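Heads up, the thing below is written out as structure tokens.
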Amino acid sequence: MKPFLYAALAGYLVAAIHTILAFVNKRRAVERVSVLALAFGFATHTAAIATDWITDGHYPLFHLHETISFLAWTLVIAYGLAVYRYRAQQALGVFTLPLVTGLVLLSHVMRGTAVGAPPERVLSGDAAWLFPVHTTLLFFAYASFFVAFAASVMYLWQERELKLKTFSAIFHRLPSLTTVDDIGTTAAGAGFTLLSLGIVTGIAWSSSRTGRAWHNDPIEIFALLTWVLYLALIHYRAQWRGRKAAWLGVAGFGLVLCTFLGAILMGGYHVFG
Amino acid sequence: MSIVLIGLNHKTAPIEVRERLAFTDDACAAGLRALVDGEVVREGLIVSTCNRVEVLTTAGNGREQEAAARVGSFLCESRSLPRESFTEYLYTHRDEAAVRHVFRVASSLDSMVVGEPQVLGQVRHAYTLAVDAGTAGRVLHRLVHHAFRVAKRVRTETGIASSAVSISFTAVELGRKIFGSLKGATVLVVGAGEMAELATKHLTSAGATHILVANRTERAARELAQRFGGEAVDYERLSSHLGAADIVICSTGAGEYIITPEMATRALEERRNRPAFFIDISVPRNVDPAVGELDNLFVFDVDDLEAVVASNVREREREAERAELIVESEVMQFQQVLRDLDLGPTVGALREKLHAIARDEMKRQRQRLGDLTPEQEQAVEALLLSTVNKISHPIINRLRRSYDTGEEDNVKAWRDIFQLEE
């Protein structure tokens, strides 16, 4: 529904601006505005997605604009959880909220261009219920990986400055090394779990629909690479703690981006709409 | 009425002069009672710290010179010092400049280390003494409370006190940056020097709980450990304790590196790569610089810490510029407060006088009006008073404008016209 999406966009924009202000000026009062605006944005965004689902009759993760909007929605949830757990709202918000705002805006712009196959053709068959599960799990995985990526960047930035012993203004505004390392590890672990489940449900759905589990589709290859990378990251956590793990967090997110862009640019089995 | 501040501080006077002029609490109270006579010097307050001795007074109208002279001779007599021994170091600020100075002192902009928090407490203490001595009146009350407010604003709205400007605090701050919180952290102190002790003290008050001390002479190690409720460990087996420590402070007199990259690598393995922070405050250095190249290990030597301190000081100075703007706007605001304080009685007297005239006339003419209902009676009174107010309104405005532009003759003329007592 358009009015809801407009409201969400406004809420996110206000939240993003105030988080940046709070980050720059270290002001608590501004932070409160940001939290309220974000809550408002999230509520209206949820309403927008729900009404879309009801009026369009299919799970709102099909056309590109829906995908983007849904991605923004999962990012807000991942950000909310990270903030609730670690209280690193300003620094993390500076990464996340502008992106969320941008995605919602993009979704808005692309809304009119939604064309393509009627979802009913794809979303039929016995195991059709697996489609929402598959996609939702993966989107939450991507959102987790984004949080892990943001934490990794904050880690690398600070680690570098600590080693060089010269500190920028940003340094003093970031959460401690241990905190960002923690955020990165937790988010990567959560992302990995969700990714694994997402891949399994995807395989199950695909084999029930077409009888093939694997299509050599770019999205599948990148997803598998991502999965292997995060598996290594989690397995060697103790040895690679710190800088190396942070670089892997960045690389892993690079693969996630490839997965995403791969689907759009290279086509293949995973492009329905 | 005007505000006069006379004093000297660390910028204008050497320590020998400052210490001779300093007041103890008792001398302060007695001095204030002697200084304030209610005529020339109406109110008084003395701020006496190791960095400054300042006498803040309010003087009667047109008697600023006299008040300043009185403060000068008061300092001579009460401190039993010849006048020439300190007059060259004194500064005198009046009115706006005095207000600005008080605000800057309370906000720690005039301190040796800009942003240090003690000075506000010292001003508060000076104020308490003046209140107890009964020498703080309506102007000083407002001024000092306003100064407290300014100090609070400066503290919360600028980063003037946000970064550490001593080596040991810098170490604590870096520790927080690495570990988040120092609660429960383990600190290994190598060497039992004074600097190490100071740093350990700051670390424990920031939450570090386990203190290990290694020293060549065991007795000194045990003593230091005891002071922090920690434990002394064997200096010869230093490398076996390294892995347990989140923070290692080195300050021995050893001439060679006592922590080598091999030792540090082993310690990191033991710690499963959890980060560690090595503070090397010994000269020559005790920690091999190659140790600092290991991942998850952060080594800061004295030069590094001092460089951080220097950059923090520069940061404070930048913030101080923003603080000066706050002070400036507050000085302007306080001018308003002062004006109301000064002009308030005049304005009040003028209103009172005109109202009295109205009421008297009413009383005289009341009988001619005959019987009135209560509503009518109220209406007549309202009519009278509102007429009076409408007449006095432009006069009061004019008074305020004259006061603001410093045309005291004008204010005086209006007082004369209406025969108002001051």
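Labels used: A, B, ... for chains in the order of the structure tokens, numbers from 1 for residues in each chain, and numbers from 1 for ligands as shown.
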
Could you list, as a PDB file with N, CA, C and O atoms, in the first residue's frame, every residue of chain A that has an atom within 8 Å of an atom of chain B, counting only C-alpha atoms?
ATOM      1  N   LEU A 162      44.563   1.659  15.900  1.00  0.00           N
ATOM      2  CA  LEU A 162      45.278   1.265  17.119  1.00  0.00           C
ATOM      3  C   LEU A 162      46.712   0.846  16.786  1.00  0.00           C
ATOM      4  O   LEU A 162      47.644   1.124  17.549  1.00  0.00           O
ATOM      5  N   LYS A 163      46.869   0.190  15.660  1.00  0.00           N
ATOM      6  CA  LYS A 163      48.217  -0.231  15.275  1.00  0.00           C
ATOM      7  C   LYS A 163      49.064   0.968  14.845  1.00  0.00           C
ATOM      8  O   LYS A 163      50.252   1.048  15.148  1.00  0.00           O
ATOM      9  N   LYS A 165      48.472   3.991  15.782  1.00  0.00           N
ATOM     10  CA  LYS A 165      48.498   4.912  16.921  1.00  0.00           C
ATOM     11  C   LYS A 165      48.128   6.348  16.563  1.00  0.00           C
ATOM     12  O   LYS A 165      48.598   7.301  17.183  1.00  0.00           O
ATOM     13  N   THR A 166      47.346   6.491  15.516  1.00  0.00           N
ATOM     14  CA  THR A 166      46.789   7.813  15.227  1.00  0.00           C
ATOM     15  C   THR A 166      45.286   7.637  15.167  1.00  0.00           C
ATOM     16  O   THR A 166      44.800   6.721  14.507  1.00  0.00           O
ATOM     17  N   PRO A 175      32.072   1.692  18.843  1.00  0.00           N
ATOM     18  CA  PRO A 175      32.109   0.807  20.014  1.00  0.00           C
ATOM     19  C   PRO A 175      33.462   0.100  20.101  1.00  0.00           C
ATOM     20  O   PRO A 175      34.211   0.079  19.121  1.00  0.00           O
ATOM     21  N   SER A 176      33.749  -0.500  21.237  1.00  0.00           N
ATOM     22  CA  SER A 176      35.084  -1.071  21.443  1.00  0.00           C
ATOM     23  C   SER A 176      35.338  -2.253  20.519  1.00  0.00           C
ATOM     24  O   SER A 176      34.420  -2.845  19.968  1.00  0.00           O
ATOM     25  N   LEU A 177      36.617  -2.581  20.374  1.00  0.00           N
ATOM     26  CA  LEU A 177      37.019  -3.694  19.518  1.00  0.00           C
ATOM     27  C   LEU A 177      36.305  -4.974  19.896  1.00  0.00           C
ATOM     28  O   LEU A 177      35.776  -5.693  19.044  1.00  0.00           O
ATOM     29  N   THR A 178      36.286  -5.259  21.201  1.00  0.00           N
ATOM     30  CA  THR A 178      35.664  -6.491  21.670  1.00  0.00           C
ATOM     31  C   THR A 178      34.183  -6.513  21.302  1.00  0.00           C
ATOM     32  O   THR A 178      33.664  -7.536  20.870  1.00  0.00           O
ATOM     33  N   THR A 179      33.525  -5.368  21.458  1.00  0.00           N
ATOM     34  CA  THR A 179      32.100  -5.308  21.128  1.00  0.00           C
ATOM     35  C   THR A 179      31.869  -5.577  19.648  1.00  0.00           C
ATOM     36  O   THR A 179      31.023  -6.404  19.293  1.00  0.00           O
ATOM     37  N   ALA A 238      38.725 -19.297  16.552  1.00  0.00           N
ATOM     38  CA  ALA A 238      39.755 -18.999  17.549  1.00  0.00           C
ATOM     39  C   ALA A 238      41.060 -18.564  16.888  1.00  0.00           C
ATOM     40  O   ALA A 238      41.678 -17.597  17.313  1.00  0.00           O
ATOM     41  N   GLN A 239      41.440 -19.272  15.820  1.00  0.00           N
ATOM     42  CA  GLN A 239      42.709 -18.920  15.179  1.00  0.00           C
ATOM     43  C   GLN A 239      42.625 -17.577  14.456  1.00  0.00           C
ATOM     44  O   GLN A 239      43.583 -16.838  14.392  1.00  0.00           O
ATOM     45  N   TRP A 240      41.482 -17.334  13.848  1.00  0.00           N
ATOM     46  CA  TRP A 240      41.378 -16.166  12.978  1.00  0.00           C
ATOM     47  C   TRP A 240      40.751 -14.966  13.670  1.00  0.00           C
ATOM     48  O   TRP A 240      40.423 -13.988  13.032  1.00  0.00           O
ATOM     49  N   ARG A 241      40.571 -15.058  14.942  1.00  0.00           N
ATOM     50  CA  ARG A 241      39.893 -13.987  15.669  1.00  0.00           C
ATOM     51  C   ARG A 241      40.540 -12.635  15.353  1.00  0.00           C
ATOM     52  O   ARG A 241      41.756 -12.541  15.229  1.00  0.00           O
ATOM     53  N   GLY A 242      39.704 -11.645  15.258  1.00  0.00           N
ATOM     54  CA  GLY A 242      40.244 -10.304  15.055  1.00  0.00           C
ATOM     55  C   GLY A 242      40.307  -9.918  13.597  1.00  0.00           C
ATOM     56  O   GLY A 242      39.325 -10.024  12.881  1.00  0.00           O
ATOM     57  N   ARG A 243      41.485  -9.486  13.200  1.00  0.00           N
ATOM     58  CA  ARG A 243      41.633  -8.884  11.878  1.00  0.00           C
ATOM     59  C   ARG A 243      41.240  -9.839  10.751  1.00  0.00           C
ATOM     60  O   ARG A 243      40.496  -9.477   9.849  1.00  0.00           O
TER      61      ARG A 243
END

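Residues with any atom within 7 Å of region 153-160 of chain A, counting only C-alpha atoms and excluding same-chain neighbours fewer than 4 positions away, are A:Phe149, A:Leu164, A:Phe171, A:Leu177, A:Val180, A:Asp181, A:Arg243, A:Ala246.
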
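Residues lying within 10 Å of Val313 (chain B), counting only C-alpha atoms and ignoring same-chain neighbours fewer than 5 positions away, are Val113, Val114, Gly115, Ile160, Ala161, Ser163, Ala164, Val165, Ser166, Ala307, Val308, Arg318 and Glu319 of chain B.
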
Who sits within 12 Å of Ala69 (chain B), only C-alpha atoms, same chain under 5 positions skipped, as an NGL selection string: :B and (4-6 or 35 or 40-41 or 57 or 59 or 63-64 or 74-76 or 83 or 87 or 92)

Which parts of region 250-348 of chain B does DSSP call alpha helix (DSSP H) when run on the backbone here, written out as a JSON list (two decimals) with N, CA, C and O atoms, in the first residue's frame?
[["chain", "number", "residue", "atom", "x", "y", "z"],
["B", 261, "PRO", "N", 58.93, -11.34, 20.98],
["B", 261, "PRO", "CA", 57.83, -11.80, 20.13],
["B", 261, "PRO", "C", 57.46, -13.26, 20.39],
["B", 261, "PRO", "O", 56.28, -13.62, 20.33],
["B", 262, "GLU", "N", 58.46, -14.09, 20.69],
["B", 262, "GLU", "CA", 58.17, -15.51, 20.94],
["B", 262, "GLU", "C", 57.26, -15.65, 22.15],
["B", 262, "GLU", "O", 56.26, -16.37, 22.14],
["B", 263, "MET", "N", 57.62, -14.93, 23.23],
["B", 263, "MET", "CA", 56.80, -14.99, 24.44],
["B", 263, "MET", "C", 55.37, -14.52, 24.14],
["B", 263, "MET", "O", 54.39, -15.14, 24.58],
["B", 264, "ALA", "N", 55.28, -13.43, 23.39],
["B", 264, "ALA", "CA", 53.97, -12.86, 23.11],
["B", 264, "ALA", "C", 53.14, -13.80, 22.26],
["B", 264, "ALA", "O", 51.93, -13.97, 22.48],
["B", 265, "THR", "N", 53.78, -14.45, 21.28],
["B", 265, "THR", "CA", 53.06, -15.39, 20.43],
["B", 265, "THR", "C", 52.49, -16.53, 21.26],
["B", 265, "THR", "O", 51.33, -16.93, 21.11],
["B", 266, "ARG", "N", 53.32, -17.03, 22.17],
["B", 266, "ARG", "CA", 52.85, -18.11, 23.02],
["B", 266, "ARG", "C", 51.67, -17.65, 23.89],
["B", 266, "ARG", "O", 50.68, -18.36, 24.05],
["B", 267, "ALA", "N", 51.82, -16.44, 24.42],
["B", 267, "ALA", "CA", 50.74, -15.91, 25.26],
["B", 267, "ALA", "C", 49.43, -15.82, 24.48],
["B", 267, "ALA", "O", 48.37, -16.18, 24.97],
["B", 268, "LEU", "N", 49.53, -15.37, 23.23],
["B", 268, "LEU", "CA", 48.32, -15.23, 22.40],
["B", 268, "LEU", "C", 47.70, -16.60, 22.13],
["B", 268, "LEU", "O", 46.47, -16.73, 22.13],
["B", 269, "GLU", "N", 48.55, -17.59, 21.92],
["B", 269, "GLU", "CA", 48.01, -18.93, 21.70],
["B", 269, "GLU", "C", 47.23, -19.39, 22.94],
["B", 269, "GLU", "O", 46.14, -19.92, 22.84],
["B", 270, "GLU", "N", 47.85, -19.14, 24.08],
["B", 270, "GLU", "CA", 47.19, -19.52, 25.33],
["B", 270, "GLU", "C", 45.85, -18.81, 25.48],
["B", 270, "GLU", "O", 44.90, -19.36, 26.01],
["B", 302, "VAL", "N", 55.87, 4.73, 25.85],
["B", 302, "VAL", "CA", 55.67, 6.07, 26.42],
["B", 302, "VAL", "C", 55.44, 7.10, 25.32],
["B", 302, "VAL", "O", 54.54, 7.95, 25.43],
["B", 303, "ASP", "N", 56.23, 7.02, 24.25],
["B", 303, "ASP", "CA", 56.08, 7.99, 23.17],
["B", 303, "ASP", "C", 54.70, 7.92, 22.54],
["B", 303, "ASP", "O", 54.08, 8.94, 22.26],
["B", 304, "ASP", "N", 54.21, 6.69, 22.35],
["B", 304, "ASP", "CA", 52.88, 6.52, 21.75],
["B", 304, "ASP", "C", 51.82, 7.15, 22.64],
["B", 304, "ASP", "O", 50.93, 7.86, 22.17],
["B", 305, "LEU", "N", 51.93, 6.86, 23.95],
["B", 305, "LEU", "CA", 50.94, 7.39, 24.88],
["B", 305, "LEU", "C", 51.00, 8.91, 24.91],
["B", 305, "LEU", "O", 49.97, 9.59, 24.91],
["B", 306, "GLU", "N", 52.24, 9.44, 24.88],
["B", 306, "GLU", "CA", 52.36, 10.89, 24.92],
["B", 306, "GLU", "C", 51.80, 11.53, 23.66],
["B", 306, "GLU", "O", 51.22, 12.61, 23.71],
["B", 307, "ALA", "N", 51.97, 10.84, 22.54],
["B", 307, "ALA", "CA", 51.41, 11.37, 21.29],
["B", 307, "ALA", "C", 49.88, 11.40, 21.38],
["B", 307, "ALA", "O", 49.25, 12.35, 20.92],
["B", 308, "VAL", "N", 49.30, 10.37, 21.99],
["B", 308, "VAL", "CA", 47.84, 10.34, 22.16],
["B", 308, "VAL", "C", 47.41, 11.50, 23.06],
["B", 308, "VAL", "O", 46.45, 12.21, 22.77],
["B", 309, "VAL", "N", 48.17, 11.69, 24.16],
["B", 309, "VAL", "CA", 47.86, 12.79, 25.07],
["B", 309, "VAL", "C", 47.90, 14.11, 24.31],
["B", 309, "VAL", "O", 46.97, 14.93, 24.42],
["B", 310, "ALA", "N", 48.95, 14.30, 23.51],
["B", 310, "ALA", "CA", 49.09, 15.57, 22.78],
["B", 310, "ALA", "C", 47.91, 15.77, 21.84],
["B", 310, "ALA", "O", 47.36, 16.88, 21.75],
["B", 311, "SER", "N", 47.48, 14.70, 21.18],
["B", 311, "SER", "CA", 46.37, 14.88, 20.24],
["B", 311, "SER", "C", 45.07, 15.12, 21.00],
["B", 311, "SER", "O", 44.21, 15.87, 20.55],
["B", 312, "ASN", "N", 44.94, 14.51, 22.19],
["B", 312, "ASN", "CA", 43.76, 14.78, 23.01],
["B", 312, "ASN", "C", 43.74, 16.22, 23.49],
["B", 312, "ASN", "O", 42.68, 16.83, 23.58],
["B", 313, "VAL", "N", 44.93, 16.74, 23.81],
["B", 313, "VAL", "CA", 44.99, 18.13, 24.26],
["B", 313, "VAL", "C", 44.55, 19.05, 23.12],
["B", 313, "VAL", "O", 43.78, 19.99, 23.32],
["B", 314, "ARG", "N", 45.03, 18.73, 21.92],
["B", 314, "ARG", "CA", 44.61, 19.55, 20.76],
["B", 314, "ARG", "C", 43.10, 19.45, 20.57],
["B", 314, "ARG", "O", 42.43, 20.46, 20.31],
["B", 315, "GLU", "N", 42.57, 18.24, 20.74],
["B", 315, "GLU", "CA", 41.12, 18.04, 20.62],
["B", 315, "GLU", "C", 40.38, 18.92, 21.65],
["B", 315, "GLU", "O", 39.40, 19.56, 21.34],
["B", 316, "ARG", "N", 40.92, 18.93, 22.87],
["B", 316, "ARG", "CA", 40.29, 19.74, 23.91],
["B", 316, "ARG", "C", 40.32, 21.21, 23.54],
["B", 316, "ARG", "O", 39.38, 21.95, 23.79],
["B", 317, "GLU", "N", 41.45, 21.63, 22.94],
["B", 317, "GLU", "CA", 41.54, 23.04, 22.58],
["B", 317, "GLU", "C", 40.52, 23.40, 21.51],
["B", 317, "GLU", "O", 39.92, 24.48, 21.55],
["B", 318, "ARG", "N", 40.33, 22.46, 20.58],
["B", 318, "ARG", "CA", 39.31, 22.71, 19.56],
["B", 318, "ARG", "C", 37.93, 22.81, 20.21],
["B", 318, "ARG", "O", 37.14, 23.69, 19.88],
["B", 319, "GLU", "N", 37.68, 21.93, 21.16],
["B", 319, "GLU", "CA", 36.38, 21.95, 21.84],
["B", 319, "GLU", "C", 36.25, 23.21, 22.68],
["B", 319, "GLU", "O", 35.15, 23.73, 22.84],
["B", 320, "ALA", "N", 37.39, 23.68, 23.21],
["B", 320, "ALA", "CA", 37.35, 24.88, 24.03],
["B", 320, "ALA", "C", 36.85, 26.07, 23.22],
["B", 320, "ALA", "O", 36.16, 26.94, 23.73],
["B", 321, "GLU", "N", 37.18, 26.08, 21.93],
["B", 321, "GLU", "CA", 36.70, 27.19, 21.09],
["B", 321, "GLU", "C", 35.17, 27.17, 21.02],
["B", 321, "GLU", "O", 34.54, 28.23, 21.06],
["B", 322, "ARG", "N", 34.62, 25.99, 20.93],
["B", 322, "ARG", "CA", 33.15, 25.90, 20.93],
["B", 322, "ARG", "C", 32.61, 26.33, 22.29],
["B", 322, "ARG", "O", 31.56, 26.98, 22.37],
["B", 323, "ALA", "N", 33.34, 25.97, 23.34],
["B", 323, "ALA", "CA", 32.90, 26.33, 24.69],
["B", 323, "ALA", "C", 32.88, 27.85, 24.86],
["B", 323, "ALA", "O", 31.98, 28.40, 25.49],
["B", 324, "GLU", "N", 33.87, 28.53, 24.25],
["B", 324, "GLU", "CA", 33.93, 29.99, 24.37],
["B", 324, "GLU", "C", 32.66, 30.63, 23.79],
["B", 324, "GLU", "O", 32.17, 31.63, 24.32],
["B", 325, "LEU", "N", 32.14, 30.04, 22.73],
["B", 325, "LEU", "CA", 30.91, 30.58, 22.13],
["B", 325, "LEU", "C", 29.74, 30.45, 23.11],
["B", 325, "LEU", "O", 28.92, 31.35, 23.23],
["B", 326, "ILE", "N", 29.69, 29.30, 23.79],
["B", 326, "ILE", "CA", 28.63, 29.09, 24.78],
["B", 326, "ILE", "C", 28.76, 30.14, 25.88],
["B", 326, "ILE", "O", 27.80, 30.80, 26.26],
["B", 327, "VAL", "N", 30.00, 30.32, 26.36],
["B", 327, "VAL", "CA", 30.24, 31.29, 27.43],
["B", 327, "VAL", "C", 29.78, 32.68, 26.97],
["B", 327, "VAL", "O", 29.08, 33.40, 27.69],
["B", 328, "GLU", "N", 30.13, 33.02, 25.73],
["B", 328, "GLU", "CA", 29.80, 34.35, 25.23],
["B", 328, "GLU", "C", 28.28, 34.56, 25.23],
["B", 328, "GLU", "O", 27.80, 35.61, 25.67],
["B", 329, "SER", "N", 27.54, 33.56, 24.77],
["B", 329, "SER", "CA", 26.09, 33.75, 24.72],
["B", 329, "SER", "C", 25.51, 33.81, 26.13],
["B", 329, "SER", "O", 24.54, 34.52, 26.38],
["B", 330, "GLU", "N", 26.13, 33.07, 27.05],
["B", 330, "GLU", "CA", 25.63, 33.10, 28.43],
["B", 330, "GLU", "C", 25.95, 34.43, 29.10],
["B", 330, "GLU", "O", 25.18, 34.90, 29.94],
["B", 331, "VAL", "N", 27.09, 35.03, 28.73],
["B", 331, "VAL", "CA", 27.43, 36.36, 29.28],
["B", 331, "VAL", "C", 26.35, 37.35, 28.87],
["B", 331, "VAL", "O", 25.87, 38.16, 29.68],
["B", 332, "MET", "N", 25.96, 37.26, 27.59],
["B", 332, "MET", "CA", 24.90, 38.15, 27.11],
["B", 332, "MET", "C", 23.62, 37.95, 27.92],
["B", 332, "MET", "O", 22.96, 38.90, 28.32],
["B", 333, "GLN", "N", 23.27, 36.68, 28.12],
["B", 333, "GLN", "CA", 22.06, 36.39, 28.88],
["B", 333, "GLN", "C", 22.14, 36.94, 30.28],
["B", 333, "GLN", "O", 21.18, 37.47, 30.81],
["B", 334, "PHE", "N", 23.33, 36.80, 30.87],
["B", 334, "PHE", "CA", 23.45, 37.25, 32.25],
["B", 334, "PHE", "C", 23.34, 38.77, 32.34],
["B", 334, "PHE", "O", 22.88, 39.30, 33.35],
["B", 335, "GLN", "N", 23.73, 39.47, 31.26],
["B", 335, "GLN", "CA", 23.55, 40.92, 31.26],
["B", 335, "GLN", "C", 22.07, 41.26, 31.46],
["B", 335, "GLN", "O", 21.73, 42.19, 32.18],
["B", 336, "GLN", "N", 21.22, 40.46, 30.82],
["B", 336, "GLN", "CA", 19.77, 40.65, 31.00],
["B", 336, "GLN", "C", 19.37, 40.43, 32.45],
["B", 336, "GLN", "O", 18.62, 41.22, 33.03],
["B", 337, "VAL", "N", 19.91, 39.35, 33.00],
["B", 337, "VAL", "CA", 19.58, 39.03, 34.40],
["B", 337, "VAL", "C", 19.98, 40.20, 35.29],
["B", 337, "VAL", "O", 19.21, 40.64, 36.15],
["B", 338, "LEU", "N", 21.19, 40.69, 35.05],
["B", 338, "LEU", "CA", 21.70, 41.80, 35.86],
["B", 338, "LEU", "C", 20.83, 43.03, 35.71],
["B", 338, "LEU", "O", 20.54, 43.73, 36.67],
["B", 339, "ARG", "N", 20.42, 43.31, 34.46],
["B", 339, "ARG", "CA", 19.61, 44.48, 34.21],
["B", 339, "ARG", "C", 18.31, 44.40, 35.00],
["B", 339, "ARG", "O", 17.90, 45.35, 35.66],
["B", 340, "ASP", "N", 17.70, 43.20, 34.93],
["B", 340, "ASP", "CA", 16.45, 43.05, 35.67],
["B", 340, "ASP", "C", 16.69, 43.20, 37.16],
["B", 340, "ASP", "O", 15.87, 43.74, 37.88],
["B", 341, "LEU", "N", 17.86, 42.70, 37.59],
["B", 341, "LEU", "CA", 18.20, 42.77, 38.99],
["B", 341, "LEU", "C", 18.39, 44.22, 39.41],
["B", 341, "LEU", "O", 17.98, 44.66, 40.47],
["B", 342, "ASP", "N", 19.01, 45.00, 38.52],
["B", 342, "ASP", "CA", 19.37, 46.37, 38.79],
["B", 342, "ASP", "C", 18.18, 47.30, 38.62],
["B", 342, "ASP", "O", 17.91, 48.17, 39.42],
["B", 343, "LEU", "N", 17.47, 47.05, 37.51],
["B", 343, "LEU", "CA", 16.40, 47.95, 37.15],
["B", 343, "LEU", "C", 15.10, 47.55, 37.82],
["B", 343, "LEU", "O", 14.19, 48.34, 37.97],
["B", 344, "GLY", "N", 15.05, 46.26, 38.21],
["B", 344, "GLY", "CA", 13.83, 45.71, 38.79],
["B", 344, "GLY", "C", 13.23, 46.61, 39.86],
["B", 344, "GLY", "O", 12.06, 46.98, 39.79],
["B", 345, "PRO", "N", 14.03, 47.00, 40.88],
["B", 345, "PRO", "CA", 13.48, 47.85, 41.94],
["B", 345, "PRO", "C", 12.95, 49.18, 41.42],
["B", 345, "PRO", "O", 11.89, 49.65, 41.86],
["B", 346, "THR", "N", 13.66, 49.77, 40.46],
["B", 346, "THR", "CA", 13.21, 51.04, 39.90],
["B", 346, "THR", "C", 11.86, 50.88, 39.21],
["B", 346, "THR", "O", 10.93, 51.65, 39.43],
["B", 347, "VAL", "N", 11.78, 49.83, 38.38],
["B", 347, "VAL", "CA", 10.53, 49.57, 37.66],
["B", 347, "VAL", "C", 9.40, 49.30, 38.65],
["B", 347, "VAL", "O", 8.30, 49.85, 38.53],
["B", 348, "GLY", "N", 9.73, 48.48, 39.65],
["B", 348, "GLY", "CA", 8.72, 48.15, 40.66],
["B", 348, "GLY", "C", 8.24, 49.41, 41.39],
["B", 348, "GLY", "O", 7.04, 49.61, 41.58]]

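In this structure, CA of Ala128 (chain A) sits 9.7 Å away from CA of Ser206 (chain A).
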
Give me, please, the distance in Å between CA of Ser78 (chain B) and CA of Ala27 (chain B), quoted to one decimal. 8.2 Å

Write out as a ChimeraX atom specification each polymer residue whose atoms come within 10 Å of Lys11 (chain B), counting only C-alpha atoms; drop sequence neighbours fewer than 2 positions from it. /B:8-9,13-15,51-52,89,110-112

Got time to write the residues from that selection, N, CA, C and O atoms, as a PDB file, in the first residue's frame?
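Saved file part.pdb follows:
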ATOM      1  N   LEU B   8      44.802  36.801  40.624  1.00  0.00           N
ATOM      2  CA  LEU B   8      45.926  36.355  39.806  1.00  0.00           C
ATOM      3  C   LEU B   8      45.789  34.846  39.634  1.00  0.00           C
ATOM      4  O   LEU B   8      45.114  34.181  40.421  1.00  0.00           O
ATOM      5  N   ASN B   9      46.394  34.332  38.558  1.00  0.00           N
ATOM      6  CA  ASN B   9      46.325  32.890  38.334  1.00  0.00           C
ATOM      7  C   ASN B   9      47.645  32.353  37.805  1.00  0.00           C
ATOM      8  O   ASN B   9      48.645  33.085  37.726  1.00  0.00           O
ATOM      9  N   ALA B  13      50.968  34.762  37.459  1.00  0.00           N
ATOM     10  CA  ALA B  13      51.845  34.820  38.634  1.00  0.00           C
ATOM     11  C   ALA B  13      52.570  33.496  38.851  1.00  0.00           C
ATOM     12  O   ALA B  13      51.999  32.432  38.652  1.00  0.00           O
ATOM     13  N   PRO B  14      53.853  33.583  39.289  1.00  0.00           N
ATOM     14  CA  PRO B  14      54.586  32.356  39.597  1.00  0.00           C
ATOM     15  C   PRO B  14      54.049  31.720  40.879  1.00  0.00           C
ATOM     16  O   PRO B  14      53.358  32.364  41.670  1.00  0.00           O
ATOM     17  N   ILE B  15      54.406  30.455  41.072  1.00  0.00           N
ATOM     18  CA  ILE B  15      53.883  29.699  42.210  1.00  0.00           C
ATOM     19  C   ILE B  15      54.213  30.361  43.542  1.00  0.00           C
ATOM     20  O   ILE B  15      53.396  30.379  44.464  1.00  0.00           O
ATOM     21  N   ASN B  51      46.031  27.151  41.761  1.00  0.00           N
ATOM     22  CA  ASN B  51      46.302  27.859  40.509  1.00  0.00           C
ATOM     23  C   ASN B  51      45.785  29.289  40.468  1.00  0.00           C
ATOM     24  O   ASN B  51      46.074  30.011  39.526  1.00  0.00           O
ATOM     25  N   ARG B  52      44.993  29.649  41.441  1.00  0.00           N
ATOM     26  CA  ARG B  52      44.446  31.005  41.376  1.00  0.00           C
ATOM     27  C   ARG B  52      44.006  31.497  42.744  1.00  0.00           C
ATOM     28  O   ARG B  52      43.600  30.713  43.611  1.00  0.00           O
ATOM     29  N   TYR B  89      51.151  41.301  39.311  1.00  0.00           N
ATOM     30  CA  TYR B  89      50.577  40.073  38.759  1.00  0.00           C
ATOM     31  C   TYR B  89      49.052  40.114  38.716  1.00  0.00           C
ATOM     32  O   TYR B  89      48.414  39.214  38.217  1.00  0.00           O
ATOM     33  N   ASP B 110      39.788  28.334  31.863  1.00  0.00           N
ATOM     34  CA  ASP B 110      40.916  29.151  32.300  1.00  0.00           C
ATOM     35  C   ASP B 110      41.917  28.300  33.072  1.00  0.00           C
ATOM     36  O   ASP B 110      42.866  28.805  33.654  1.00  0.00           O
ATOM     37  N   SER B 111      41.696  26.971  33.061  1.00  0.00           N
ATOM     38  CA  SER B 111      42.549  26.098  33.868  1.00  0.00           C
ATOM     39  C   SER B 111      43.856  25.789  33.153  1.00  0.00           C
ATOM     40  O   SER B 111      43.975  25.969  31.951  1.00  0.00           O
ATOM     41  N   MET B 112      44.805  25.308  33.945  1.00  0.00           N
ATOM     42  CA  MET B 112      46.089  24.914  33.390  1.00  0.00           C
ATOM     43  C   MET B 112      45.859  23.786  32.380  1.00  0.00           C
ATOM     44  O   MET B 112      46.329  23.837  31.258  1.00  0.00           O
TER      45      MET B 112
END

Skipping near chain neighbours, those fewer than 2 positions away, what residues fall within 9 Å of Val283 (chain B) using only C-alpha atoms, listed as a count of residues only? 11

I'd like the contact shell of Gly184 (chain A) - 7 Å cut-off, only C-alpha atoms, skipping same-chain residues fewer than 4 positions apart - returned as a ChimeraX atom specification. /A:148,151-152,180,188
